[in-house]
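Here is the file entry-v2.cif (mmCIF, C-alpha atoms).
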```cif
data_my_file
#
loop_
_atom_site.label_atom_id
_atom_site.label_comp_id
_atom_site.auth_asym_id
_atom_site.auth_seq_id
_atom_site.Cartn_x
_atom_site.Cartn_y
_atom_site.Cartn_z
CA MET A 173 182.15 97.93 35.67
CA THR A 174 183.99 100.10 38.16
CA PRO A 175 181.55 102.22 40.19
CA ARG A 176 181.94 105.96 40.01
CA THR A 177 182.83 107.68 43.20
CA PRO A 178 181.06 110.94 44.18
CA GLY A 179 184.34 112.82 44.05
CA ARG A 180 185.09 111.60 40.54
CA THR A 181 181.59 112.59 39.38
CA ALA A 182 181.91 116.04 40.90
CA ARG A 183 185.22 116.63 39.20
CA ARG A 184 183.76 115.61 35.86
CA THR A 185 180.79 117.96 36.28
CA LEU A 186 182.96 120.95 37.13
CA ARG A 187 185.64 120.33 34.50
CA LEU A 188 185.99 123.10 31.91
CA PRO A 189 187.36 122.79 28.38
CA SER A 190 191.13 122.63 28.35
CA ARG A 191 191.27 125.62 26.04
CA LEU A 192 188.71 128.37 25.72
CA PRO A 193 188.27 129.47 22.09
CA VAL A 194 190.15 132.78 22.16
CA ASP A 195 191.16 132.05 18.58
CA GLY A 196 193.83 133.60 16.45
CA TYR A 197 191.30 135.20 14.14
CA VAL A 198 189.84 137.27 16.98
CA LEU A 199 193.37 138.34 17.88
CA ALA A 200 193.88 139.32 14.24
CA LEU A 201 190.73 141.43 14.40
CA LEU A 202 191.99 143.19 17.52
CA GLY A 203 195.36 143.73 15.85
CA THR A 204 193.60 145.28 12.86
CA VAL A 205 191.73 147.65 15.14
CA ALA A 206 195.02 148.64 16.80
CA LEU A 207 196.62 149.22 13.39
CA ALA A 208 193.73 151.46 12.36
CA ALA A 209 194.12 153.41 15.61
CA LEU A 210 197.86 153.93 15.09
CA LEU A 211 197.94 154.26 11.28
CA PRO A 212 194.48 155.14 9.99
CA ALA A 213 194.01 155.44 6.24
CA SER A 214 193.37 159.04 5.18
CA GLY A 215 193.32 161.05 1.97
CA THR A 216 194.13 159.00 -1.11
CA ALA A 217 194.81 155.90 1.00
CA ALA A 218 191.32 156.16 2.47
CA THR A 219 189.81 156.29 -1.02
CA VAL A 220 191.77 153.22 -2.07
CA THR A 221 190.89 151.22 1.03
CA LYS A 222 187.24 152.21 0.74
CA GLY A 223 187.12 150.94 -2.84
CA ALA A 224 188.92 147.75 -1.89
CA SER A 225 186.55 147.24 1.04
CA THR A 226 183.54 147.61 -1.24
CA GLY A 227 184.97 144.96 -3.54
CA ALA A 228 185.74 142.71 -0.58
CA VAL A 229 182.12 142.87 0.62
CA ALA A 230 180.87 141.90 -2.83
CA LEU A 231 183.38 139.03 -2.95
CA LEU A 232 182.29 137.73 0.45
CA PHE A 233 178.64 137.53 -0.58
CA PHE A 234 179.51 136.01 -3.96
CA LEU A 235 181.46 133.25 -2.21
CA TYR A 236 178.67 132.70 0.28
CA GLY A 237 176.10 132.37 -2.52
CA ALA A 238 178.36 129.95 -4.39
CA ARG A 239 178.85 127.79 -1.27
CA LEU A 240 175.23 127.53 -0.15
CA SER A 241 173.78 124.22 -1.23
CA THR A 242 170.25 124.84 -2.43
CA ARG A 243 169.49 121.09 -2.35
CA GLU A 244 170.51 120.73 1.31
CA ALA A 245 168.42 123.79 2.21
CA LEU A 246 165.35 122.33 0.48
CA ASP A 247 165.91 118.92 2.10
CA GLY A 248 165.89 120.58 5.51
CA LEU A 249 162.45 122.12 5.01
CA LYS A 250 160.83 118.99 6.43
CA HIS A 251 161.84 120.18 9.91
CA TRP A 252 160.11 123.51 9.39
CA ARG A 253 158.98 124.02 13.01
CA LEU A 254 162.58 123.99 14.21
CA HIS A 255 163.73 126.39 11.50
CA LEU A 256 160.87 128.81 12.17
CA THR A 257 161.76 128.71 15.86
CA VAL A 258 165.38 129.65 15.14
CA LEU A 259 164.32 132.39 12.71
CA GLY A 260 161.87 133.73 15.29
CA ALA A 261 164.59 133.86 17.94
CA THR A 262 167.05 135.53 15.56
CA PHE A 263 164.86 138.09 13.79
CA LEU A 264 161.98 138.62 16.22
CA LEU A 265 162.96 137.89 19.82
CA PHE A 266 166.46 139.36 19.58
CA PRO A 267 165.21 142.64 17.97
CA LEU A 268 162.43 142.98 20.55
CA LEU A 269 164.95 142.65 23.38
CA GLY A 270 167.20 145.12 21.57
CA LEU A 271 164.37 147.64 21.37
CA ALA A 272 163.67 147.13 25.08
CA ALA A 273 167.32 148.04 25.79
CA ARG A 274 166.53 151.56 24.54
CA GLY A 275 165.75 152.33 28.18
CA LEU A 276 169.48 151.98 28.97
CA VAL A 277 170.26 155.15 26.96
CA PRO A 278 171.94 157.38 28.02
CA GLY A 279 172.53 156.15 31.55
CA VAL A 280 174.27 152.89 30.62
CA LEU A 281 174.83 153.02 26.86
CA THR A 282 175.59 156.02 24.68
CA PRO A 283 173.29 156.53 21.66
CA GLN A 284 176.13 155.43 19.35
CA LEU A 285 176.81 152.22 21.29
CA TYR A 286 173.09 151.50 21.47
CA SER A 287 172.81 151.77 17.68
CA GLY A 288 175.57 149.18 17.38
CA PHE A 289 173.93 146.99 20.01
CA LEU A 290 170.58 147.11 18.22
CA PHE A 291 172.33 146.27 14.95
CA LEU A 292 173.87 143.26 16.70
CA CYS A 293 170.34 142.07 17.51
CA LEU A 294 169.42 142.16 13.80
CA VAL A 295 172.35 140.13 12.45
CA PRO A 296 171.71 136.52 11.29
CA SER A 297 172.89 133.46 13.16
CA THR A 298 176.17 131.63 12.62
CA ILE A 299 176.65 128.44 10.62
CA GLN A 300 180.01 126.84 11.47
CA SER A 301 180.07 127.50 15.20
CA SER A 302 176.40 126.49 15.57
CA ILE A 303 177.24 123.18 13.88
CA ALA A 304 180.38 122.74 15.98
CA PHE A 305 178.70 123.32 19.33
CA THR A 306 175.67 121.22 18.38
CA SER A 307 177.99 118.36 17.43
CA ILE A 308 179.95 118.63 20.68
CA ALA A 309 176.72 118.63 22.72
CA ARG A 310 175.34 115.57 20.87
CA GLY A 311 172.49 117.51 19.27
CA ASN A 312 170.73 117.44 15.90
CA VAL A 313 173.59 118.38 13.56
CA PRO A 314 171.64 118.31 10.25
CA ALA A 315 169.06 120.64 11.80
CA ALA A 316 171.82 123.03 12.90
CA ILE A 317 173.27 123.02 9.37
CA CYS A 318 169.91 123.90 7.80
CA ALA A 319 168.89 126.37 10.51
CA GLY A 320 172.14 128.29 10.22
CA SER A 321 171.90 128.31 6.43
CA PHE A 322 168.30 129.53 6.45
CA SER A 323 169.14 132.25 8.97
CA SER A 324 172.08 133.52 6.92
CA LEU A 325 170.04 133.45 3.73
CA ALA A 326 167.14 135.33 5.35
CA GLY A 327 169.56 137.80 6.92
CA ILE A 328 170.78 139.00 3.53
CA VAL A 329 167.33 140.57 3.08
CA LEU A 330 165.97 140.95 6.62
CA THR A 331 169.00 142.45 8.37
CA PRO A 332 169.36 145.50 6.07
CA LEU A 333 165.60 146.09 6.02
CA LEU A 334 165.23 145.79 9.80
CA ALA A 335 168.27 148.02 10.32
CA ALA A 336 166.84 150.65 8.01
CA LEU A 337 163.44 150.50 9.74
CA LEU A 338 164.59 150.35 13.38
CA LEU A 339 167.78 152.41 13.25
CA GLY A 340 166.53 155.14 10.93
CA ASN A 341 169.19 157.70 10.05
CA SER A 342 171.85 155.75 11.98
CA ALA A 343 171.79 153.17 9.20
CA GLY A 344 171.04 155.45 6.33
CA GLY A 345 167.26 155.11 6.43
CA LEU A 346 165.33 153.64 3.51
CA SER A 347 166.68 156.06 0.93
CA ALA A 348 167.07 155.01 -2.69
CA ASP A 349 170.85 155.24 -2.31
CA ALA A 350 170.86 152.91 0.70
CA LEU A 351 168.67 150.37 -1.07
CA LEU A 352 170.87 150.54 -4.17
CA LYS A 353 173.97 149.83 -2.05
CA ILE A 354 172.27 146.84 -0.45
CA VAL A 355 171.24 145.43 -3.83
CA LEU A 356 174.59 145.99 -5.56
CA GLN A 357 176.94 144.98 -2.74
CA LEU A 358 174.94 142.21 -1.08
CA LEU A 359 172.11 140.75 -3.14
CA VAL A 360 173.59 140.86 -6.64
CA PRO A 361 176.87 139.10 -5.67
CA PHE A 362 174.96 136.51 -3.64
CA LEU A 363 172.58 135.72 -6.51
CA ALA A 364 175.51 135.60 -8.94
CA GLY A 365 177.20 133.05 -6.69
CA GLN A 366 174.05 130.91 -6.61
CA LEU A 367 173.69 131.05 -10.40
CA LEU A 368 177.35 130.14 -10.98
CA ARG A 369 177.53 127.51 -8.26
CA ARG A 370 177.26 124.57 -10.63
CA TRP A 371 180.41 125.74 -12.43
CA VAL A 372 182.48 127.14 -9.55
CA GLY A 373 181.29 124.89 -6.69
CA GLY A 374 183.90 122.22 -7.34
CA PHE A 375 186.70 124.79 -7.46
CA LEU A 376 185.56 126.26 -4.13
CA VAL A 377 185.55 122.82 -2.50
CA ARG A 378 189.02 121.95 -3.83
CA HIS A 379 190.47 125.27 -2.64
CA LYS A 380 188.44 125.63 0.54
CA LYS A 381 191.44 126.31 2.78
CA VAL A 382 192.93 129.01 0.56
CA LEU A 383 189.56 130.69 0.07
CA GLY A 384 189.09 130.66 3.83
CA TYR A 385 192.07 132.99 4.08
CA VAL A 386 190.51 135.17 1.37
CA ASP A 387 187.34 135.38 3.47
CA ARG A 388 189.17 136.38 6.62
CA GLY A 389 191.48 138.79 4.82
CA SER A 390 188.48 140.50 3.25
CA ILE A 391 186.81 140.90 6.63
CA LEU A 392 190.03 142.30 8.14
CA LEU A 393 190.12 144.86 5.31
CA VAL A 394 186.51 145.82 6.06
CA VAL A 395 187.37 146.24 9.75
CA TYR A 396 190.48 148.33 9.00
CA THR A 397 188.52 150.62 6.67
CA ALA A 398 185.68 151.11 9.14
CA PHE A 399 187.91 151.83 12.12
CA SER A 400 190.16 154.11 10.06
CA GLN A 401 187.11 156.18 9.14
CA GLY A 402 186.16 156.34 12.79
CA MET A 403 189.62 157.52 13.81
CA VAL A 404 189.73 160.22 11.12
CA ALA A 405 186.24 161.38 12.09
CA GLY A 406 187.30 161.51 15.77
CA ILE A 407 184.40 159.45 17.09
CA TRP A 408 186.40 157.30 19.51
CA HIS A 409 186.48 159.95 22.20
CA LEU A 410 182.82 159.02 22.76
CA VAL A 411 183.80 155.60 24.16
CA THR A 412 185.28 155.38 27.68
CA PRO A 413 186.44 152.27 29.55
CA ALA A 414 183.40 152.58 31.81
CA ARG A 415 181.07 152.58 28.80
CA LEU A 416 182.83 149.52 27.37
CA GLY A 417 182.44 147.72 30.69
CA ALA A 418 178.75 148.59 30.75
CA LEU A 419 178.36 147.31 27.19
CA LEU A 420 180.00 143.99 28.09
CA ALA A 421 177.70 143.62 31.10
CA VAL A 422 174.60 144.30 29.00
CA GLU A 423 175.72 141.80 26.36
CA ALA A 424 176.41 139.14 29.00
CA VAL A 425 172.87 139.53 30.35
CA PHE A 426 171.38 139.36 26.85
CA LEU A 427 173.35 136.23 25.97
CA ALA A 428 172.23 134.53 29.19
CA VAL A 429 168.60 135.50 28.52
CA MET A 430 168.70 134.17 24.94
CA LEU A 431 170.38 130.92 25.97
CA ALA A 432 167.69 130.38 28.60
CA LEU A 433 164.77 131.34 26.34
CA THR A 434 165.89 129.15 23.45
CA TRP A 435 166.49 126.14 25.71
CA TYR A 436 163.43 126.27 27.95
CA GLY A 437 161.16 127.76 25.27
CA ALA A 438 162.04 124.92 22.89
CA GLY A 439 161.29 122.45 25.66
CA ARG A 440 157.85 123.97 26.24
CA MET A 441 157.19 123.73 22.51
CA GLY A 442 157.70 119.96 22.62
CA PHE A 443 161.12 119.62 20.96
CA ASP A 444 163.30 116.72 22.07
CA ARG A 445 166.77 117.13 23.55
CA ALA A 446 168.68 116.94 20.26
CA ASP A 447 166.46 119.59 18.65
CA ARG A 448 166.61 121.83 21.72
CA ILE A 449 170.40 121.80 21.52
CA ALA A 450 170.32 122.83 17.85
CA ILE A 451 167.77 125.58 18.59
CA GLN A 452 169.77 126.89 21.54
CA PHE A 453 173.07 127.18 19.69
CA ALA A 454 171.64 128.39 16.37
CA GLY A 455 169.10 130.76 17.93
CA SER A 456 171.31 132.49 20.51
CA LYS A 457 174.33 133.49 18.44
CA LYS A 458 175.15 136.20 15.91
CA SER A 459 177.41 136.06 12.86
CA LEU A 460 180.45 138.33 12.90
CA ALA A 461 181.35 137.47 9.32
CA ALA A 462 177.91 138.42 8.00
CA GLY A 463 177.49 141.47 10.25
CA LEU A 464 180.78 143.23 9.53
CA PRO A 465 180.32 143.70 5.78
CA MET A 466 176.65 144.61 6.22
CA ALA A 467 177.59 147.29 8.74
CA SER A 468 180.15 148.78 6.36
CA VAL A 469 177.39 149.16 3.75
CA LEU A 470 174.69 150.43 6.11
CA PHE A 471 176.59 152.74 8.47
CA GLY A 472 179.40 154.22 6.37
CA PRO A 473 181.76 156.35 8.50
CA GLN A 474 179.91 155.32 11.68
CA ALA A 475 180.55 151.61 11.06
CA SER A 476 183.41 151.35 13.56
CA LEU A 477 181.19 152.02 16.56
CA ALA A 478 178.36 150.02 15.00
CA VAL A 479 180.43 146.82 14.80
CA LEU A 480 182.12 147.13 18.21
CA PRO A 481 179.20 145.51 20.13
CA LEU A 482 179.10 142.69 17.57
CA MET A 483 182.85 142.02 17.86
CA LEU A 484 182.61 141.82 21.65
CA PHE A 485 179.48 139.66 21.59
CA HIS A 486 181.08 137.28 19.09
CA GLN A 487 183.97 136.40 21.38
CA MET A 488 181.70 136.20 24.41
CA GLN A 489 179.33 133.75 22.71
CA LEU A 490 182.22 131.51 21.64
CA MET A 491 183.59 131.27 25.17
CA VAL A 492 180.23 130.76 26.89
CA CYS A 493 178.89 128.29 24.32
CA ALA A 494 182.14 126.27 24.43
CA VAL A 495 181.61 125.69 28.15
CA LEU A 496 177.88 125.03 27.70
CA ALA A 497 178.42 122.56 24.85
CA LYS A 498 180.93 120.65 26.95
CA ARG A 499 178.47 120.45 29.83
CA ARG A 500 175.68 119.31 27.49
CA SER A 501 177.95 116.55 26.11
CA GLU A 502 178.23 115.09 29.62
CA ASP A 503 174.47 115.02 30.25
CA PRO A 504 173.10 111.48 30.72
CA GLU A 505 171.08 110.10 27.83
CA ASP A 506 167.31 110.52 28.25
CA PRO A 507 165.66 107.15 27.49
CA GLU A 508 162.43 108.93 26.49
CA ASP A 509 164.22 110.94 23.79
CA PRO A 510 165.07 109.45 20.41
CA ALA A 511 168.75 109.10 19.60
CA PRO A 512 170.26 112.41 18.52
CA ALA A 513 170.22 112.81 14.76
CA ARG A 514 173.60 112.75 13.11
CA ALA A 515 174.76 114.45 9.96
CA PRO A 516 174.30 112.53 6.71
CA ALA A 517 177.30 111.69 4.61
CA THR A 518 177.02 114.88 2.56
CA ALA A 519 177.16 116.96 5.71
CA ALA A 520 179.79 114.96 7.55
CA ALA A 521 182.57 117.44 7.04
CA PRO A 522 180.94 120.42 8.76
CA GLY A 523 179.15 118.28 11.30
CA ALA A 524 182.32 116.53 12.41
CA VAL A 525 183.90 119.69 13.76
CA HIS A 526 184.88 119.26 17.38
CA ALA A 527 185.96 122.79 18.17
CA PRO A 528 184.65 126.21 17.15
CA GLU A 529 186.08 127.20 13.82
CA VAL A 530 187.31 130.65 12.96
CA PRO A 531 184.70 132.69 11.13
CA SER A 532 184.42 132.56 7.39
CA ALA A 533 181.90 134.03 5.01
CA GLY A 534 178.45 133.28 6.29
CA THR A 535 179.43 132.08 9.77
#
```
Represent the structure contained in this file as structure tokens.
Amino acid sequence: MTPRTPGRTARRTLRLPSRLPVDGYVLALLGTVALAALLPASGTAATVTKGASTGAVALLFFLYGARLSTREALDGLKHWRLHLTVLGATFLLFPLLGLAARGLVPGVLTPQLYSGFLFLCLVPSTIQSSIAFTSIARGNVPAAICAGSFSSLAGIVLTPLLAALLLGNSAGGLSADALLKIVLQLLVPFLAGQLLRRWVGGFLVRHKKVLGYVDRGSILLVVYTAFSQGMVAGIWHLVTPARLGALLAVEAVFLAVMLALTWYGAGRMGFDRADRIAIQFAGSKKSLAAGLPMASVLFGPQASLAVLPLMLFHQMQLMVCAVLAKRRSEDPEDPEDPAPARAPATAAAPGAVHAPEVPSAGT
């Protein structure tokens, strides 16, 4: 075996991924925002796009319910400590840190940007990118699949309730109308998808690629509608470049804190390396695809500012976690740790991803 020279080792340690995941879907989102700024829907067009957006949200949650494998979720319950840890990071630790950021208002964040930032802290975790990064880093892929699925499932109920409780009037409060919107646009389509899964599941698998475009197109429509409403209402004069820079800085600090807490906290709790990787990537990220339609239901005309922090955080987490996953993949094997668990045959397709995928419903 040829010995490794110090220089060669140093170069390997410092090497970054050849391509950071600034994916085409994020560019499409930015293009949609620009289109809404230049040609916002108003009058009759606004009514039509609002109705179409409402239907798109219902479709997204129907498809997510139809895709979620109840059997795989139940099989993953045996690793309940890991899943509770991820849920605690997503729906307890993140919101607590978000509430602590209230002290940054108004010096660093405007009240409107803070509402969006706090909403970001309430959104469920991702599925596809958590699986992808866990796979790259040689972590517990089946655990990442189940943890992401549980988080997204819990988020359908917990995110709207936490937003209503913590954001108050910014998210419509706990009025009967707000609850009715949540039930009709989120819960009912999701439950319908679960009930019809045995009949439509095969169709969804056979047409996965085409339906992926339906997912992304629906989310783009939601974004266009929300940002059009913001332009017509004239709320964008509240955001300056300095405020955006401050928001990015705050989000960078929060991402670093969550990555550190999930990694070292999981280690203190006795999890092995493979489980710590799954906890770190599933517990530190937020789902753009789940958050955007929820924001359109909860915030109404204020949704454009509410989703801005989430859109920025989404791209930041992809770039940072891509670098981190690559570094984790080059860590030496720990002889005291068991071999990292690999995805079973039924989960091989999502677990075999070697680069972050573009968001789809539930990611």
Contacts between region 436-449 of chain A and region 233-329 of chain A, please, where a residue of region 233-329 of chain A counts if it comes within 7 Å (with only C-alpha atoms); show its shortest atom pair and distance in Å to one decimal, rows by chain and ascending number, as a tab-separated table.
```
residue	atom	partner	partner_atom	distance
A:Thr306	CA	A:Ile449	CA	6.2
A:Arg310	CA	A:Ala446	CA	6.8
A:Gly311	CA	A:Ala446	CA	4.0
A:Asn312	CA	A:Ala446	CA	4.8
```
Next, write the just-selected residues to a file, as a PDB file, keeping the file's coordinate frame, keeping C-alpha atoms as the atom set.
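Dumped to part17.pdb:
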```
ATOM      1  CA  THR A 306     175.670 121.220  18.380  1.00  0.00           C
ATOM      2  CA  ARG A 310     175.340 115.570  20.870  1.00  0.00           C
ATOM      3  CA  GLY A 311     172.490 117.510  19.270  1.00  0.00           C
ATOM      4  CA  ASN A 312     170.730 117.440  15.900  1.00  0.00           C
TER       5      ASN A 312
END
```
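CA of Leu420 (chain A) is found 23.0 Å from CA of Ser400 (chain A).
Picked by the PyMOL selection byres ((chain A and resi 221-236) around 7) from the coordinates shown: Ala217, Ala218, Thr219, Val220, Gly237, Ala238, Arg239, Leu240, Gln357, Leu358, Pro361, Phe362, Ala364, Gly365, Asp387, Ser390, Leu393, Val394, Thr397, Pro465, Ala533 and Gly534 of chain A.
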Applying 7 Å and only C-alpha atoms, which residues near region 205-213 of chain A remain after dropping the ones on its own chain fewer than 6 positions away? List them as a PyMOL selection string. chain A and resi 396+399-400+403
Between A:Pro267, A:Gly463, A:Gly455, A:Gly260, which residue has the minimum interatomic distance to Gln489 (chain A), considering all atoms listed in the file? A:Gly455
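The gap separating CA of Ala461 (chain A) from CA of Val411 (chain A) is 23.6 Å, in Å to one decimal.
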Neighbouring residues of region 279-286 of chain A were defined as those with any atom within 10 Å, considering all atoms listed in the file; residues of the same chain fewer than 2 positions away were excluded. Please report them as a PDB file with C-alpha atoms, in the frame of the given file.
```pdb
ATOM      1  CA  GLY A 270     167.200 145.120  21.570  1.00  0.00           C
ATOM      2  CA  LEU A 271     164.370 147.640  21.370  1.00  0.00           C
ATOM      3  CA  ALA A 273     167.320 148.040  25.790  1.00  0.00           C
ATOM      4  CA  ARG A 274     166.530 151.560  24.540  1.00  0.00           C
ATOM      5  CA  GLY A 275     165.750 152.330  28.180  1.00  0.00           C
ATOM      6  CA  LEU A 276     169.480 151.980  28.970  1.00  0.00           C
ATOM      7  CA  VAL A 277     170.260 155.150  26.960  1.00  0.00           C
ATOM      8  CA  GLY A 288     175.570 149.180  17.380  1.00  0.00           C
ATOM      9  CA  PHE A 289     173.930 146.990  20.010  1.00  0.00           C
ATOM     10  CA  LEU A 290     170.580 147.110  18.220  1.00  0.00           C
ATOM     11  CA  PHE A 291     172.330 146.270  14.950  1.00  0.00           C
ATOM     12  CA  LEU A 292     173.870 143.260  16.700  1.00  0.00           C
ATOM     13  CA  LEU A 339     167.780 152.410  13.250  1.00  0.00           C
ATOM     14  CA  SER A 342     171.850 155.750  11.980  1.00  0.00           C
ATOM     15  CA  ILE A 407     184.400 159.450  17.090  1.00  0.00           C
ATOM     16  CA  LEU A 410     182.820 159.020  22.760  1.00  0.00           C
ATOM     17  CA  VAL A 411     183.800 155.600  24.160  1.00  0.00           C
ATOM     18  CA  ALA A 414     183.400 152.580  31.810  1.00  0.00           C
ATOM     19  CA  ARG A 415     181.070 152.580  28.800  1.00  0.00           C
ATOM     20  CA  LEU A 416     182.830 149.520  27.370  1.00  0.00           C
ATOM     21  CA  GLY A 417     182.440 147.720  30.690  1.00  0.00           C
ATOM     22  CA  ALA A 418     178.750 148.590  30.750  1.00  0.00           C
ATOM     23  CA  LEU A 419     178.360 147.310  27.190  1.00  0.00           C
ATOM     24  CA  ALA A 421     177.700 143.620  31.100  1.00  0.00           C
ATOM     25  CA  VAL A 422     174.600 144.300  29.000  1.00  0.00           C
ATOM     26  CA  GLN A 474     179.910 155.320  11.680  1.00  0.00           C
ATOM     27  CA  LEU A 477     181.190 152.020  16.560  1.00  0.00           C
ATOM     28  CA  ALA A 478     178.360 150.020  15.000  1.00  0.00           C
ATOM     29  CA  VAL A 479     180.430 146.820  14.800  1.00  0.00           C
ATOM     30  CA  LEU A 480     182.120 147.130  18.210  1.00  0.00           C
ATOM     31  CA  PRO A 481     179.200 145.510  20.130  1.00  0.00           C
TER      32      PRO A 481
END
```
To box region 300-304 of chain A, take all atoms listed in the file, fit an axis-aligned box, add 3 Å on each side, and give centre and edge lengths in Å to one decimal, as lines of an AutoDock Vina configuration file.
```
center_x = 178.4
center_y = 125.1
center_z = 13.7
size_x = 10.0
size_y = 10.8
size_z = 10.5
```
Work out how far apart CA of Gly215 (chain A) and CA of Leu202 (chain A) are and give it in Å to one decimal.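 Computed distance, CA of Gly215 (chain A) to CA of Leu202 (chain A), equals 23.7 Å.
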Can you work out which one of A:Ile308, A:Leu201, A:Val258, A:Ala424 has the shortest atom-to-atom distance to Asp503 (chain A), counting only C-alpha atoms?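 Of A:Ile308, A:Leu201, A:Val258, A:Ala424, the one nearest Asp503 (chain A), counting only C-alpha atoms, is A:Ile308.
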Taking the file as shown, what set of residues would the PyMOL selection byres ((chain A and resi 251) around 12) give back, as an NGL selection string? :A and (245-250 or 252-258 or 312 or 314-319 or 322 or 443 or 447 or 450-451)
